[in-house]
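Peer 1: My questions will all concern the structure given below.
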Amino acid sequence: MAIKIKIPGMIKGLGITFGTMVRTLTKGSHTVQYPHVKEAPTPRARGVIALHEENCTSCMLCARECPDWCIYIEGHKYKAPPRRPGGKPRKKNALDRFDIDYSLCMYCGICVDVCPFEALFWTPEYEYSELKISNLLHDKNQLGKWMETVPEFEDYEKGSEAKKAQVPE
Amino acid sequence: MTLILAEMAYWQETSIRLLVGLAAVLLPAGTLVYLFLFKMMSFMQSRLGPMEAGPYGSMQLLAEVGKFLQKEDIIPRSADRLIFKLAPFVVLISTFLLVLVIPAGPDLWFIDVDTGIFLALAVSSISVIGILMAGWASASKYSLMGALRATGQLIAYELPLVLAVVGVVIQAGTLNVQNIVMAQATGEIFGYGGIGNPFIFTQFVGFAIFLIAVQAELTQPPFDMPVAESELVTGYLTEYSGLRFLMFFIGEFATAGIFSALAATLFLGGWYVPGLDPTDGLFNVIGPAVLFAKMLLVAFLIFWFRFTYPRFREDQLQKLAWKVLIPLSLINIVITGVLKVVF
Amino acid sequence: MNKATDTQQLAYIAGQAADARVNLEIETEGMTLNIGPQHPATHGTLRIIVKLDGEQVIAAEPMMGYMHRGYEKLTEVRTYPQVTALINRIDWLGSFANEVPFIQAAENLMEVEAPPRAQWIRTALFEMSRIANVVLFLGDMGVQLGAVTPVFFAFRDREFILNQIEAVTGGRFHPNFNRIGGLKDDLPKGWIEETRGVLGRIQNFCDEIETLVAGNEIFQARTRGIGIIPADVGLAYGLSGANIRSSGVDWDIRRDGGIGLVHNELDWKVWTHPDGDSYARFWVRLQEVRESCIMIEQILDGIPAGPVMAKVPRIIKVPAGESYVETENPLGVMGYYIVSQGDLTPFRVKIRSASFNNVSITPWLLKGVYVPDVVSILASLYFILGDIDR
């Protein structure tokens, strides 16, 4: 003979908070103590943008498409030596200045998408806060240094027809 | 205490009592704030709480006190300055007066009067005046309304508090708190005297009502409409900042601790641990620790309810007090009286 | 006249004046109360001017616009990818869902259709944004009513959903993942398995909330019978989403009129509740989270193989025309009306946001309500300021 006793919801609620307390005490909390322990974000996380300077031809597409106009590019044309002896000197673009102002950047990724020469890459680095806001303007060298933190592209799920891109060395 | 200090001069005795009294109020407050407000609430919410200040965040309260001390002392221009400044002290006075009647051992008491419980319940109402003073002196429509609501709530829940204790008094046969502890220590349950007779077994209804009434007296969730009314209308505490707010805050936790200690004394047996002779001198040493542990147990219950439940609306609160708790406690008194005469 | 009488008279007059001041101060008839714009009860900068008579509200008027960011004007001078990045921020809690109707309207004008794999993944992320949004509501309703613990559980379990969204799109709050013609990228390896685990946690969370909040007698006493919206009044004010479904109206665009998302190929049900009070709104949203978990499980089982992007030119110029697409977003019905003249940027975009209409019922709803119930009602209507003000 089963007598169903209806436990009032208030008592069951007490059970949940008590259970959570016991779980936190025995298995640890869901939080990490940030400066001492750092959780790694996913590889695709949009932390900061890195520049691979060799690929950049200063086509200005990223600076034009940026919604915040936070990319500043200056370049000059120069004549490179011909590929074969006896040929014409080639006109090439050299990059003088490539700055991204991270105080304006909204981390949308349009510049990375739109670059036709695969010169911009996302990295999950996020610890670059500065005391002076002008230090948030990362110049060419700093953007090049971020390339070291760019992770390899991940494999895709089964059923995908996308080709995995490569991060240049 | 009287035995140990028999040779001391009066002023030495008084200053020791003063220090011990201060410690008896501030130590529970600090422990409760750290253990329950910082740590237990965090564990119930799957997080760790303060961990940086001191080992496992134990110095966080000191850090907070330091923060409050260095704040600017702001008093509204049209406020009644004297009453504004006095209000936190009035609330704290009731806490200090309450701690006087709780014994921590067979010889460790501040005062030993034959109407101990009556005195305790009477002085616990002084805090209501303090809250009214705070709301009135803030010179703001909303503070006054919040204070009036708080006063209504506190007065409504005074009665269940008192009536719940009456059952204990009937069962013990005395108003003297030390004798109530002795009655629990030397009592027997149906002839078995091993663990004494803590009144919680027979007065469980009274214990429940006492806890609910204490929760309401402290304006803690689920009865915190006066203070959380600050979502909508500013409560009586709004104009208080810095050190004055800290006094209210510490006062609230000290009162929680003292009421828990009172509940432990009345219902759980106070400083007595079953198995030893109640008049043993050993209890003068371990009594305070036992009482502290029992206080933590009762306070755990109070804070557990605080962190789990949403809050009542004002009219639901009043309905609960007048239509449910008071009749229940009256029935409890009647049954206790009848059973006391029969058995 | 001697001085004593003068002083006495002055003292008497001062006393009378003080009494009159006191009487005026605690006069509670026709008191005007200003809730907000900075206020914990409103999700952002909403200002509600409430006229009180003692404890009852006589009139209430919401004043929005404190967070107006000029979206519709901005879209006139931004290209389509830039607009997609911006409109993430309208309803910032369920942000993937903001992009979907806009992209679908643009795809209509370009007469291009996203491939099936893209549609299935879009639907999965759409439902995940619904879970992220509504889970916060479930915790937040508790905190508005005084229970401090459920909101921490909500944030804790929402983190897992946000991590999954970040693993695919790169952004937790602002995915910026839709493109005209499909999606930006495909799913990374292992994502499907991880997401199944996360859905299990969300189901556990829903059970916890059902016991801790919905089953709590105090919560029920605070929300049952409070803020009842009859179905015809709700429809007249343009309520949508869970607000109207909890008044008994069986209307869900995912089932009744959606394009481009695969809801009609899944096995799920629309939850309604006949009461129309605050508790009903809470309960319907709780069930919707559970239903979204069931939907995502089915989607994960059935994602077809294929490309995620249709063939579209590199520089997107949408042909001239007008198109309007609505979807069932977490907050309600959201729609974008795009007028294009063949340029890189839209000519005019009109954004129909759900919370704007949901808030418009406040003057009618708050009349005659007691002051403590105002918080309960506003919390149950659930609006996001970015969605109201755009």
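Quick note on naming: the chains in the structure tokens go A, B, ... in the order shown, residues restart at 1 in each chain, and ligands are numbered from 1 in order of appearance.
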Which chain B residues are at most 10 Å from chain C (counting only C-alpha atoms), as a PyMOL selection string?

Peer 2: chain B and resi 41-42+44-47+139-142+144-145+221-225+228-233+305-316

Peer 1: Could you write out as an MDAnalysis selection string the residues of chain A within 10 Å of chain C, counting only C-alpha atoms?

Peer 2: chainID A and resid 8:17 20 30:31 41:47 65:68 106:110 113:114 116 122:124 153:164

Peer 1: Would you save the residues from that selection as a PDB file, in the first residue's frame, using C-alpha atoms?

Peer 2:
```pdb
ATOM      1  CA  PRO A   8       5.599  20.852  -0.228  1.00  0.00           C
ATOM      2  CA  GLY A   9       7.626  22.595  -2.897  1.00  0.00           C
ATOM      3  CA  MET A  10       9.314  24.764  -0.302  1.00  0.00           C
ATOM      4  CA  ILE A  11      10.966  21.767   1.296  1.00  0.00           C
ATOM      5  CA  LYS A  12      12.112  20.398  -2.046  1.00  0.00           C
ATOM      6  CA  GLY A  13      13.603  23.778  -2.833  1.00  0.00           C
ATOM      7  CA  LEU A  14      15.602  23.608   0.383  1.00  0.00           C
ATOM      8  CA  GLY A  15      16.880  20.244  -0.774  1.00  0.00           C
ATOM      9  CA  ILE A  16      18.209  21.742  -3.989  1.00  0.00           C
ATOM     10  CA  THR A  17      20.181  24.509  -2.318  1.00  0.00           C
ATOM     11  CA  THR A  20      24.292  22.397  -4.399  1.00  0.00           C
ATOM     12  CA  HIS A  30      31.872  25.924 -11.200  1.00  0.00           C
ATOM     13  CA  THR A  31      33.941  29.060 -11.022  1.00  0.00           C
ATOM     14  CA  PRO A  41      38.915  29.819 -24.592  1.00  0.00           C
ATOM     15  CA  THR A  42      37.988  27.828 -27.677  1.00  0.00           C
ATOM     16  CA  PRO A  43      40.379  28.039 -30.634  1.00  0.00           C
ATOM     17  CA  ARG A  44      37.897  30.037 -32.675  1.00  0.00           C
ATOM     18  CA  ALA A  45      37.370  32.635 -29.942  1.00  0.00           C
ATOM     19  CA  ARG A  46      37.755  36.176 -31.204  1.00  0.00           C
ATOM     20  CA  GLY A  47      40.421  37.576 -28.928  1.00  0.00           C
ATOM     21  CA  GLU A  65      34.896  47.177 -44.779  1.00  0.00           C
ATOM     22  CA  CYS A  66      35.558  47.782 -41.105  1.00  0.00           C
ATOM     23  CA  PRO A  67      32.323  49.144 -39.546  1.00  0.00           C
ATOM     24  CA  ASP A  68      34.282  51.238 -37.065  1.00  0.00           C
ATOM     25  CA  MET A 106      34.046  45.693 -32.223  1.00  0.00           C
ATOM     26  CA  TYR A 107      35.487  42.230 -32.883  1.00  0.00           C
ATOM     27  CA  CYS A 108      33.081  41.499 -35.704  1.00  0.00           C
ATOM     28  CA  GLY A 109      35.673  39.789 -37.902  1.00  0.00           C
ATOM     29  CA  ILE A 110      34.661  41.384 -41.186  1.00  0.00           C
ATOM     30  CA  ASP A 113      36.635  37.478 -43.686  1.00  0.00           C
ATOM     31  CA  VAL A 114      37.113  39.985 -46.429  1.00  0.00           C
ATOM     32  CA  PRO A 116      41.559  38.085 -50.166  1.00  0.00           C
ATOM     33  CA  TRP A 122      42.020  35.488 -35.266  1.00  0.00           C
ATOM     34  CA  THR A 123      43.710  34.381 -32.065  1.00  0.00           C
ATOM     35  CA  PRO A 124      42.032  33.683 -28.714  1.00  0.00           C
ATOM     36  CA  PHE A 153      42.483  25.616 -37.728  1.00  0.00           C
ATOM     37  CA  GLU A 154      40.317  22.849 -36.370  1.00  0.00           C
ATOM     38  CA  ASP A 155      39.052  19.837 -38.273  1.00  0.00           C
ATOM     39  CA  TYR A 156      35.428  19.926 -39.255  1.00  0.00           C
ATOM     40  CA  GLU A 157      32.581  17.674 -38.233  1.00  0.00           C
ATOM     41  CA  LYS A 158      31.722  14.733 -40.434  1.00  0.00           C
ATOM     42  CA  GLY A 159      29.472  15.661 -43.308  1.00  0.00           C
ATOM     43  CA  SER A 160      31.149  18.959 -43.847  1.00  0.00           C
ATOM     44  CA  GLU A 161      32.460  19.856 -47.241  1.00  0.00           C
ATOM     45  CA  ALA A 162      34.545  22.766 -46.050  1.00  0.00           C
ATOM     46  CA  LYS A 163      38.280  22.630 -46.588  1.00  0.00           C
ATOM     47  CA  LYS A 164      40.478  23.359 -43.656  1.00  0.00           C
TER      48      LYS A 164
END
```

Peer 1: From the options A:Asn141, A:Thr24, A:Thr149, A:Ser129, which residue's atoms come nearest to chain B, counting only C-alpha atoms?

Peer 2: A:Thr24

Peer 1: Neighbours of Gly257 (chain B) within 9 Å (only C-alpha atoms; same-chain residues fewer than 4 positions away dropped), as a list in words?

Peer 2: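 Answer for this query is Val25, Leu27, Pro28, Ala29, Thr31, Leu32, Glu252, Phe253, Ala261, Leu262, Met295, Leu296, Val298 and Ala299 of chain B.
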
Peer 1: Write out as a PyMOL selection string the residues lying within 12 Å of Leu381 (chain C), counting only C-alpha atoms and excluding same-chain residues fewer than 6 positions away.

Peer 2: chain C and resi 41-43+134+137-138+140-141+223+226-229+234+239-244+246+276-282+284-285+331-332+354-362+365-366+374-375

Peer 1: Using only N, CA and C atoms, please write the residues we just selected to a file, as a short mmCIF file (atom, residue, chain, number, x, y, z; two decimals), in the first residue's frame.

Peer 2:
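Writing done, so here's out.cif:
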```
data_model
loop_
_atom_site.label_atom_id
_atom_site.label_comp_id
_atom_site.auth_asym_id
_atom_site.auth_seq_id
_atom_site.Cartn_x
_atom_site.Cartn_y
_atom_site.Cartn_z
N ALA C 41 14.90 46.73 -11.27
CA ALA C 41 13.76 45.91 -11.70
C ALA C 41 13.55 45.96 -13.20
N THR C 42 14.01 46.99 -13.85
CA THR C 42 13.84 47.05 -15.29
C THR C 42 15.15 46.59 -15.93
N HIS C 43 15.04 45.82 -17.03
CA HIS C 43 16.26 45.26 -17.61
C HIS C 43 16.99 46.30 -18.42
N VAL C 134 16.27 32.62 -22.54
CA VAL C 134 15.18 32.34 -21.61
C VAL C 134 15.70 31.78 -20.30
N PHE C 137 16.08 34.54 -18.12
CA PHE C 137 14.79 35.01 -17.62
C PHE C 137 14.34 34.19 -16.42
N LEU C 138 14.53 32.86 -16.52
CA LEU C 138 14.06 32.00 -15.43
C LEU C 138 14.76 32.34 -14.13
N ASP C 140 16.24 35.26 -13.53
CA ASP C 140 16.00 36.67 -13.21
C ASP C 140 14.66 36.87 -12.55
N MET C 141 13.66 36.11 -12.96
CA MET C 141 12.35 36.25 -12.32
C MET C 141 12.47 35.94 -10.84
N THR C 223 2.82 35.17 -7.85
CA THR C 223 2.62 35.30 -9.29
C THR C 223 1.29 34.78 -9.79
N ILE C 226 -1.71 37.30 -10.87
CA ILE C 226 -1.19 38.67 -10.92
C ILE C 226 -0.96 39.02 -12.38
N GLY C 227 -1.45 40.17 -12.80
CA GLY C 227 -1.15 40.63 -14.15
C GLY C 227 -1.78 39.78 -15.23
N ILE C 228 -3.05 39.54 -15.12
CA ILE C 228 -3.71 38.68 -16.11
C ILE C 228 -3.93 39.47 -17.39
N ILE C 229 -3.49 38.90 -18.50
CA ILE C 229 -3.70 39.53 -19.81
C ILE C 229 -4.68 38.66 -20.58
N GLY C 234 -4.26 41.18 -25.36
CA GLY C 234 -2.88 40.95 -25.74
C GLY C 234 -2.68 41.07 -27.24
N LEU C 239 1.15 41.91 -28.52
CA LEU C 239 2.05 41.04 -27.79
C LEU C 239 2.39 39.84 -28.64
N SER C 240 3.55 39.28 -28.38
CA SER C 240 3.95 38.13 -29.18
C SER C 240 4.82 37.23 -28.32
N GLY C 241 5.10 36.07 -28.84
CA GLY C 241 6.00 35.18 -28.14
C GLY C 241 5.30 34.52 -26.96
N ALA C 242 6.08 34.25 -25.93
CA ALA C 242 5.53 33.54 -24.78
C ALA C 242 4.46 34.36 -24.08
N ASN C 243 4.51 35.68 -24.18
CA ASN C 243 3.50 36.50 -23.49
C ASN C 243 2.11 36.20 -24.01
N ILE C 244 1.96 36.01 -25.32
CA ILE C 244 0.63 35.79 -25.84
C ILE C 244 0.27 34.31 -25.75
N SER C 246 0.95 32.44 -23.32
CA SER C 246 0.51 32.12 -21.97
C SER C 246 -0.87 32.67 -21.69
N GLY C 276 -2.86 33.24 -18.34
CA GLY C 276 -2.48 34.60 -18.70
C GLY C 276 -1.92 35.43 -17.57
N ASP C 277 -1.57 34.79 -16.44
CA ASP C 277 -0.98 35.58 -15.35
C ASP C 277 0.54 35.42 -15.36
N SER C 278 1.19 36.02 -14.36
CA SER C 278 2.65 36.01 -14.37
C SER C 278 3.18 34.59 -14.28
N TYR C 279 2.48 33.76 -13.48
CA TYR C 279 2.95 32.38 -13.34
C TYR C 279 2.88 31.67 -14.66
N ALA C 280 1.83 31.93 -15.46
CA ALA C 280 1.70 31.28 -16.76
C ALA C 280 2.85 31.66 -17.67
N ARG C 281 3.24 32.95 -17.65
CA ARG C 281 4.34 33.38 -18.51
C ARG C 281 5.63 32.69 -18.10
N PHE C 282 5.82 32.54 -16.80
CA PHE C 282 7.02 31.84 -16.35
C PHE C 282 6.98 30.40 -16.80
N VAL C 284 5.30 28.90 -19.25
CA VAL C 284 5.41 28.67 -20.69
C VAL C 284 6.86 28.78 -21.12
N ARG C 285 7.58 29.76 -20.57
CA ARG C 285 8.97 29.90 -20.98
C ARG C 285 9.81 28.72 -20.49
N LEU C 331 12.35 36.65 -27.56
CA LEU C 331 11.51 37.62 -26.85
C LEU C 331 10.14 37.74 -27.45
N GLY C 332 9.96 37.25 -28.67
CA GLY C 332 8.68 37.43 -29.33
C GLY C 332 8.89 37.38 -30.83
N ALA C 354 10.30 42.80 -30.75
CA ALA C 354 9.23 42.22 -29.94
C ALA C 354 8.97 43.01 -28.68
N SER C 355 10.03 43.46 -28.00
CA SER C 355 9.83 44.06 -26.68
C SER C 355 9.11 45.39 -26.77
N PHE C 356 9.24 46.08 -27.88
CA PHE C 356 8.55 47.37 -28.01
C PHE C 356 7.05 47.19 -27.83
N ASN C 357 6.51 46.16 -28.50
CA ASN C 357 5.08 45.92 -28.35
C ASN C 357 4.75 45.30 -27.01
N ASN C 358 5.67 44.48 -26.49
CA ASN C 358 5.39 43.86 -25.20
C ASN C 358 5.28 44.91 -24.10
N VAL C 359 6.09 45.96 -24.20
CA VAL C 359 6.05 46.98 -23.16
C VAL C 359 4.83 47.88 -23.31
N SER C 360 4.27 47.96 -24.52
CA SER C 360 3.18 48.90 -24.74
C SER C 360 1.94 48.53 -23.95
N ILE C 361 1.88 47.31 -23.40
CA ILE C 361 0.69 46.93 -22.65
C ILE C 361 0.78 47.40 -21.20
N THR C 362 1.94 47.94 -20.80
CA THR C 362 2.12 48.32 -19.38
C THR C 362 1.09 49.32 -18.88
N LEU C 365 -1.95 47.31 -18.23
CA LEU C 365 -1.81 46.19 -17.32
C LEU C 365 -1.60 46.64 -15.89
N LEU C 366 -0.92 47.78 -15.71
CA LEU C 366 -0.56 48.15 -14.35
C LEU C 366 -1.66 48.91 -13.63
N VAL C 374 3.94 45.33 -9.07
CA VAL C 374 4.45 45.94 -10.30
C VAL C 374 5.74 45.26 -10.71
N VAL C 375 6.59 44.97 -9.73
CA VAL C 375 7.86 44.32 -10.05
C VAL C 375 7.63 42.94 -10.62
#
```

Peer 1: Would you please extract all strand (DSSP E or B) residues from region 55-280 of chain C, as assigned by DSSP on the backbone, and give them as a list in words?

Peer 2: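 Result set for region 55-280 of chain C (strand (DSSP E or B)): Gln56, Val57, Ile58, Ala59, Ala60, Glu61, Pro62, Met63, Asn178, Arg179, Gly182, Leu183 and Pro188 of chain C.
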
Peer 1: Between B:Leu18, B:Ile286, B:Ile326, B:Leu48, which residue has the minimum interatomic distance to chain A, considering only C-alpha atoms?

Peer 2: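 Result for the nearest residue to chain A: B:Leu48.
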
Peer 1: Identify, on the basis of only C-alpha atoms, every residue whose closest approach to Glu72 (chain B) does not exceed 9 Å; exclude the query and any residue fewer than 6 positions from it along the same chain; express the result as JSON, numbers by chain.

Peer 2: {"B": [241, 242, 243]}

Peer 1: With N, CA and C atoms retained, write the just-selected residues as a CSV table (one decimal), in the first residue's frame.

Peer 2:
```csv
chain,number,residue,atom,x,y,z
B,241,SER,N,24.9,55.6,5.0
B,241,SER,CA,26.0,55.1,4.2
B,241,SER,C,27.2,55.1,5.1
B,242,GLY,N,28.2,54.4,4.7
B,242,GLY,CA,29.4,54.4,5.5
B,242,GLY,C,29.3,53.7,6.8
B,243,LEU,N,29.8,54.3,7.8
B,243,LEU,CA,29.9,53.7,9.1
B,243,LEU,C,28.5,53.4,9.7
```

Peer 1: Taking 5 positions as the minimum chain separation for residues in the same chain, which residues sit within 12 Å of Tyr34 (chain A) when counting only C-alpha atoms? Answer as a VMD selection string.

Peer 2: (chain A and resid 39 to 40 127) or (chain B and resid 48 51 to 52)

Peer 1: Go ahead and dump the residues you just picked, N, CA and C atoms, as an mmCIF file, in the first residue's frame.

Peer 2:
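Listed below is the output, result.cif:
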```cif
data_model
loop_
_atom_site.group_PDB
_atom_site.id
_atom_site.type_symbol
_atom_site.label_atom_id
_atom_site.label_comp_id
_atom_site.auth_asym_id
_atom_site.auth_seq_id
_atom_site.Cartn_x
_atom_site.Cartn_y
_atom_site.Cartn_z
ATOM 1 N N GLU A 39 41.115 29.667 -17.653
ATOM 2 C CA GLU A 39 40.500 28.724 -18.574
ATOM 3 C C GLU A 39 40.836 29.117 -19.984
ATOM 4 N N ALA A 40 41.186 28.141 -20.795
ATOM 5 C CA ALA A 40 41.522 28.477 -22.174
ATOM 6 C C ALA A 40 40.250 28.622 -22.985
ATOM 7 N N GLU A 127 44.333 38.885 -23.038
ATOM 8 C CA GLU A 127 44.877 39.645 -21.915
ATOM 9 C C GLU A 127 45.803 40.731 -22.405
ATOM 10 N N LEU B 48 32.632 30.139 -4.976
ATOM 11 C CA LEU B 48 33.444 30.013 -3.777
ATOM 12 C C LEU B 48 33.380 31.219 -2.859
ATOM 13 N N MET B 51 37.795 34.932 -1.738
ATOM 14 C CA MET B 51 38.927 34.040 -1.502
ATOM 15 C C MET B 51 40.237 34.798 -1.395
ATOM 16 N N GLU B 52 40.212 36.095 -1.731
ATOM 17 C CA GLU B 52 41.482 36.804 -1.849
ATOM 18 C C GLU B 52 41.944 37.393 -0.537
#
```

Peer 1: Please compute the CA of Asp80 (chain B)-CA of Gly54 (chain C) distance, one decimal, in Å.

Peer 2: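 Calculated distance between CA of Asp80 (chain B) and CA of Gly54 (chain C) is 25.4 Å.
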
Peer 1: Taking 4 positions as the minimum chain separation for residues in the same chain, which residues sit within 8 Å of Asn284 (chain B) when counting only C-alpha atoms? Answer as a PyMOL selection string.

Peer 2: chain B and resi 104-108+288

Peer 1: Could you save the residues just selected, with C-alpha atoms, as a compact mmCIF listing (two decimals), in the first residue's frame?

Peer 2:
```txt
# COMPACT_ATOMS: atom_id res chain seq x y z
CA ALA B 104 27.22 30.20 28.67
CA GLY B 105 27.87 27.80 31.54
CA PRO B 106 26.56 26.98 34.99
CA ASP B 107 28.52 29.89 36.42
CA LEU B 108 29.05 31.98 33.31
CA PRO B 288 30.68 28.63 25.56
```

Peer 1: Considering only helix (DSSP H, G or I) as DSSP defines it on the backbone, what residues of region 1-184 of chain B qualify? List them as a tab-separated table (two decimals) with C-alpha atoms, in the first residue's frame.

Peer 2:
```tsv
chain	number	residue	atom	x	y	z
B	4	ILE	CA	36.49	33.25	39.66
B	5	LEU	CA	36.18	36.96	40.14
B	6	ALA	CA	35.27	36.89	43.79
B	7	GLU	CA	38.46	38.68	44.73
B	10	TYR	CA	34.18	46.09	41.17
B	11	TRP	CA	35.67	48.17	38.38
B	12	GLN	CA	37.83	45.29	37.21
B	13	GLU	CA	34.88	42.97	37.24
B	14	THR	CA	32.78	45.46	35.29
B	15	SER	CA	35.40	46.07	32.63
B	16	ILE	CA	35.81	42.34	32.08
B	17	ARG	CA	32.08	41.97	31.76
B	18	LEU	CA	32.04	44.83	29.28
B	19	LEU	CA	34.73	43.25	27.15
B	20	VAL	CA	33.15	39.84	27.27
B	21	GLY	CA	29.79	41.35	26.41
B	22	LEU	CA	31.28	43.12	23.41
B	23	ALA	CA	32.92	39.92	22.29
B	24	ALA	CA	29.73	37.97	22.83
B	25	VAL	CA	27.96	40.28	20.40
B	26	LEU	CA	30.65	40.91	17.82
B	27	LEU	CA	32.04	37.40	17.61
B	28	PRO	CA	28.77	35.80	16.51
B	29	ALA	CA	28.20	38.68	14.10
B	30	GLY	CA	31.59	38.28	12.47
B	31	THR	CA	31.36	34.52	12.33
B	32	LEU	CA	27.88	34.56	10.88
B	33	VAL	CA	28.79	37.13	8.26
B	34	TYR	CA	31.82	35.18	7.13
B	35	LEU	CA	30.56	31.65	7.47
B	36	PHE	CA	27.04	32.05	6.25
B	37	LEU	CA	26.72	35.23	4.25
B	38	PHE	CA	30.02	34.96	2.40
B	39	LYS	CA	30.70	31.28	2.32
B	40	MET	CA	27.48	29.32	2.68
B	41	MET	CA	25.58	31.54	0.28
B	42	SER	CA	28.37	31.12	-2.23
B	43	PHE	CA	28.46	27.36	-1.89
B	44	MET	CA	24.74	27.22	-2.43
B	55	PRO	CA	43.18	32.57	3.73
B	56	TYR	CA	39.93	31.50	2.10
B	57	GLY	CA	38.65	35.03	2.37
B	60	GLN	CA	37.01	39.95	3.98
B	61	LEU	CA	34.92	41.34	6.81
B	62	LEU	CA	37.86	43.36	8.09
B	63	ALA	CA	38.39	44.67	4.59
B	64	GLU	CA	34.74	45.66	4.39
B	65	VAL	CA	34.91	47.39	7.77
B	66	GLY	CA	37.94	49.30	6.57
B	67	LYS	CA	36.11	50.27	3.41
B	68	PHE	CA	33.12	51.57	5.35
B	69	LEU	CA	35.31	53.47	7.78
B	81	ARG	CA	20.49	65.15	12.78
B	82	LEU	CA	20.30	63.91	16.35
B	83	ILE	CA	17.75	61.21	15.70
B	84	PHE	CA	19.48	60.24	12.47
B	85	LYS	CA	22.70	59.62	14.37
B	86	LEU	CA	21.05	57.88	17.29
B	87	ALA	CA	18.98	55.37	15.31
B	88	PRO	CA	21.72	52.75	14.68
B	89	PHE	CA	22.70	52.85	18.32
B	90	VAL	CA	19.15	52.19	19.44
B	91	VAL	CA	19.03	49.12	17.22
B	92	LEU	CA	22.33	47.93	18.61
B	93	ILE	CA	21.26	48.53	22.22
B	94	SER	CA	18.58	45.88	21.97
B	95	THR	CA	21.18	43.39	20.78
B	96	PHE	CA	23.52	44.12	23.66
B	97	LEU	CA	20.70	43.89	26.16
B	98	LEU	CA	19.59	40.57	24.71
B	99	VAL	CA	22.96	38.96	25.18
B	116	GLY	CA	15.22	36.28	32.31
B	117	ILE	CA	13.13	35.33	29.31
B	118	PHE	CA	10.62	38.07	29.97
B	119	LEU	CA	13.44	40.62	30.05
B	120	ALA	CA	14.88	39.27	26.79
B	121	LEU	CA	11.62	39.44	24.91
B	122	ALA	CA	10.87	42.90	26.24
B	123	VAL	CA	14.18	44.44	25.18
B	126	ILE	CA	13.53	48.25	21.27
B	127	SER	CA	14.95	47.74	17.80
B	128	VAL	CA	11.55	48.61	16.35
B	129	ILE	CA	11.91	52.11	17.74
B	130	GLY	CA	15.34	52.35	16.17
B	131	ILE	CA	13.97	51.49	12.75
B	132	LEU	CA	11.19	54.01	13.08
B	133	MET	CA	13.72	56.64	14.10
B	134	ALA	CA	15.83	55.80	11.06
B	135	GLY	CA	12.93	56.13	8.67
B	136	TRP	CA	11.60	59.32	10.23
B	137	ALA	CA	14.90	61.10	10.48
B	141	LYS	CA	8.60	60.28	2.02
B	142	TYR	CA	9.72	56.90	0.87
B	143	SER	CA	11.98	56.20	3.82
B	144	LEU	CA	9.14	56.97	6.16
B	145	MET	CA	6.76	54.68	4.31
B	146	GLY	CA	9.36	51.94	4.31
B	147	ALA	CA	9.92	52.39	8.02
B	148	LEU	CA	6.19	52.26	8.73
B	149	ARG	CA	5.89	49.05	6.77
B	150	ALA	CA	8.84	47.59	8.62
B	151	THR	CA	7.34	48.58	11.94
B	152	GLY	CA	4.05	46.94	11.02
B	153	GLN	CA	5.85	43.76	10.12
B	154	LEU	CA	8.01	43.71	13.22
B	155	ILE	CA	5.14	44.36	15.59
B	156	ALA	CA	3.06	41.69	13.89
B	157	TYR	CA	5.78	39.09	14.38
B	158	GLU	CA	6.56	40.02	17.99
B	159	LEU	CA	3.51	38.14	19.11
B	160	PRO	CA	4.33	34.73	17.62
B	161	LEU	CA	7.85	35.15	19.02
B	162	VAL	CA	6.57	35.66	22.53
B	163	LEU	CA	3.85	33.03	22.35
B	164	ALA	CA	6.24	30.41	21.04
B	165	VAL	CA	8.43	30.92	24.07
B	166	VAL	CA	5.48	30.62	26.44
B	167	GLY	CA	5.24	26.93	25.62
B	168	VAL	CA	8.85	26.44	26.72
B	169	VAL	CA	8.22	28.38	29.89
B	170	ILE	CA	5.22	26.26	30.75
B	171	GLN	CA	7.16	23.09	30.19
B	172	ALA	CA	10.15	24.28	32.22
B	177	VAL	CA	16.97	31.05	31.64
B	178	GLN	CA	19.59	29.20	33.67
B	179	ASN	CA	16.86	27.07	35.21
B	180	ILE	CA	15.39	26.37	31.79
B	181	VAL	CA	18.76	24.98	30.72
B	182	MET	CA	18.91	22.93	33.90
B	183	ALA	CA	15.40	21.64	33.28
B	184	GLN	CA	16.47	20.43	29.86
```

Peer 1: Which residue out of C:Val100, C:Pro313, C:Arg290, C:Gly335 has the minimum interatomic distance to Val112 (chain C) when only C-alpha atoms are used?

Peer 2: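 Between C:Val100, C:Pro313, C:Arg290, C:Gly335, the residue approaching Val112 (chain C) most closely is C:Pro313.
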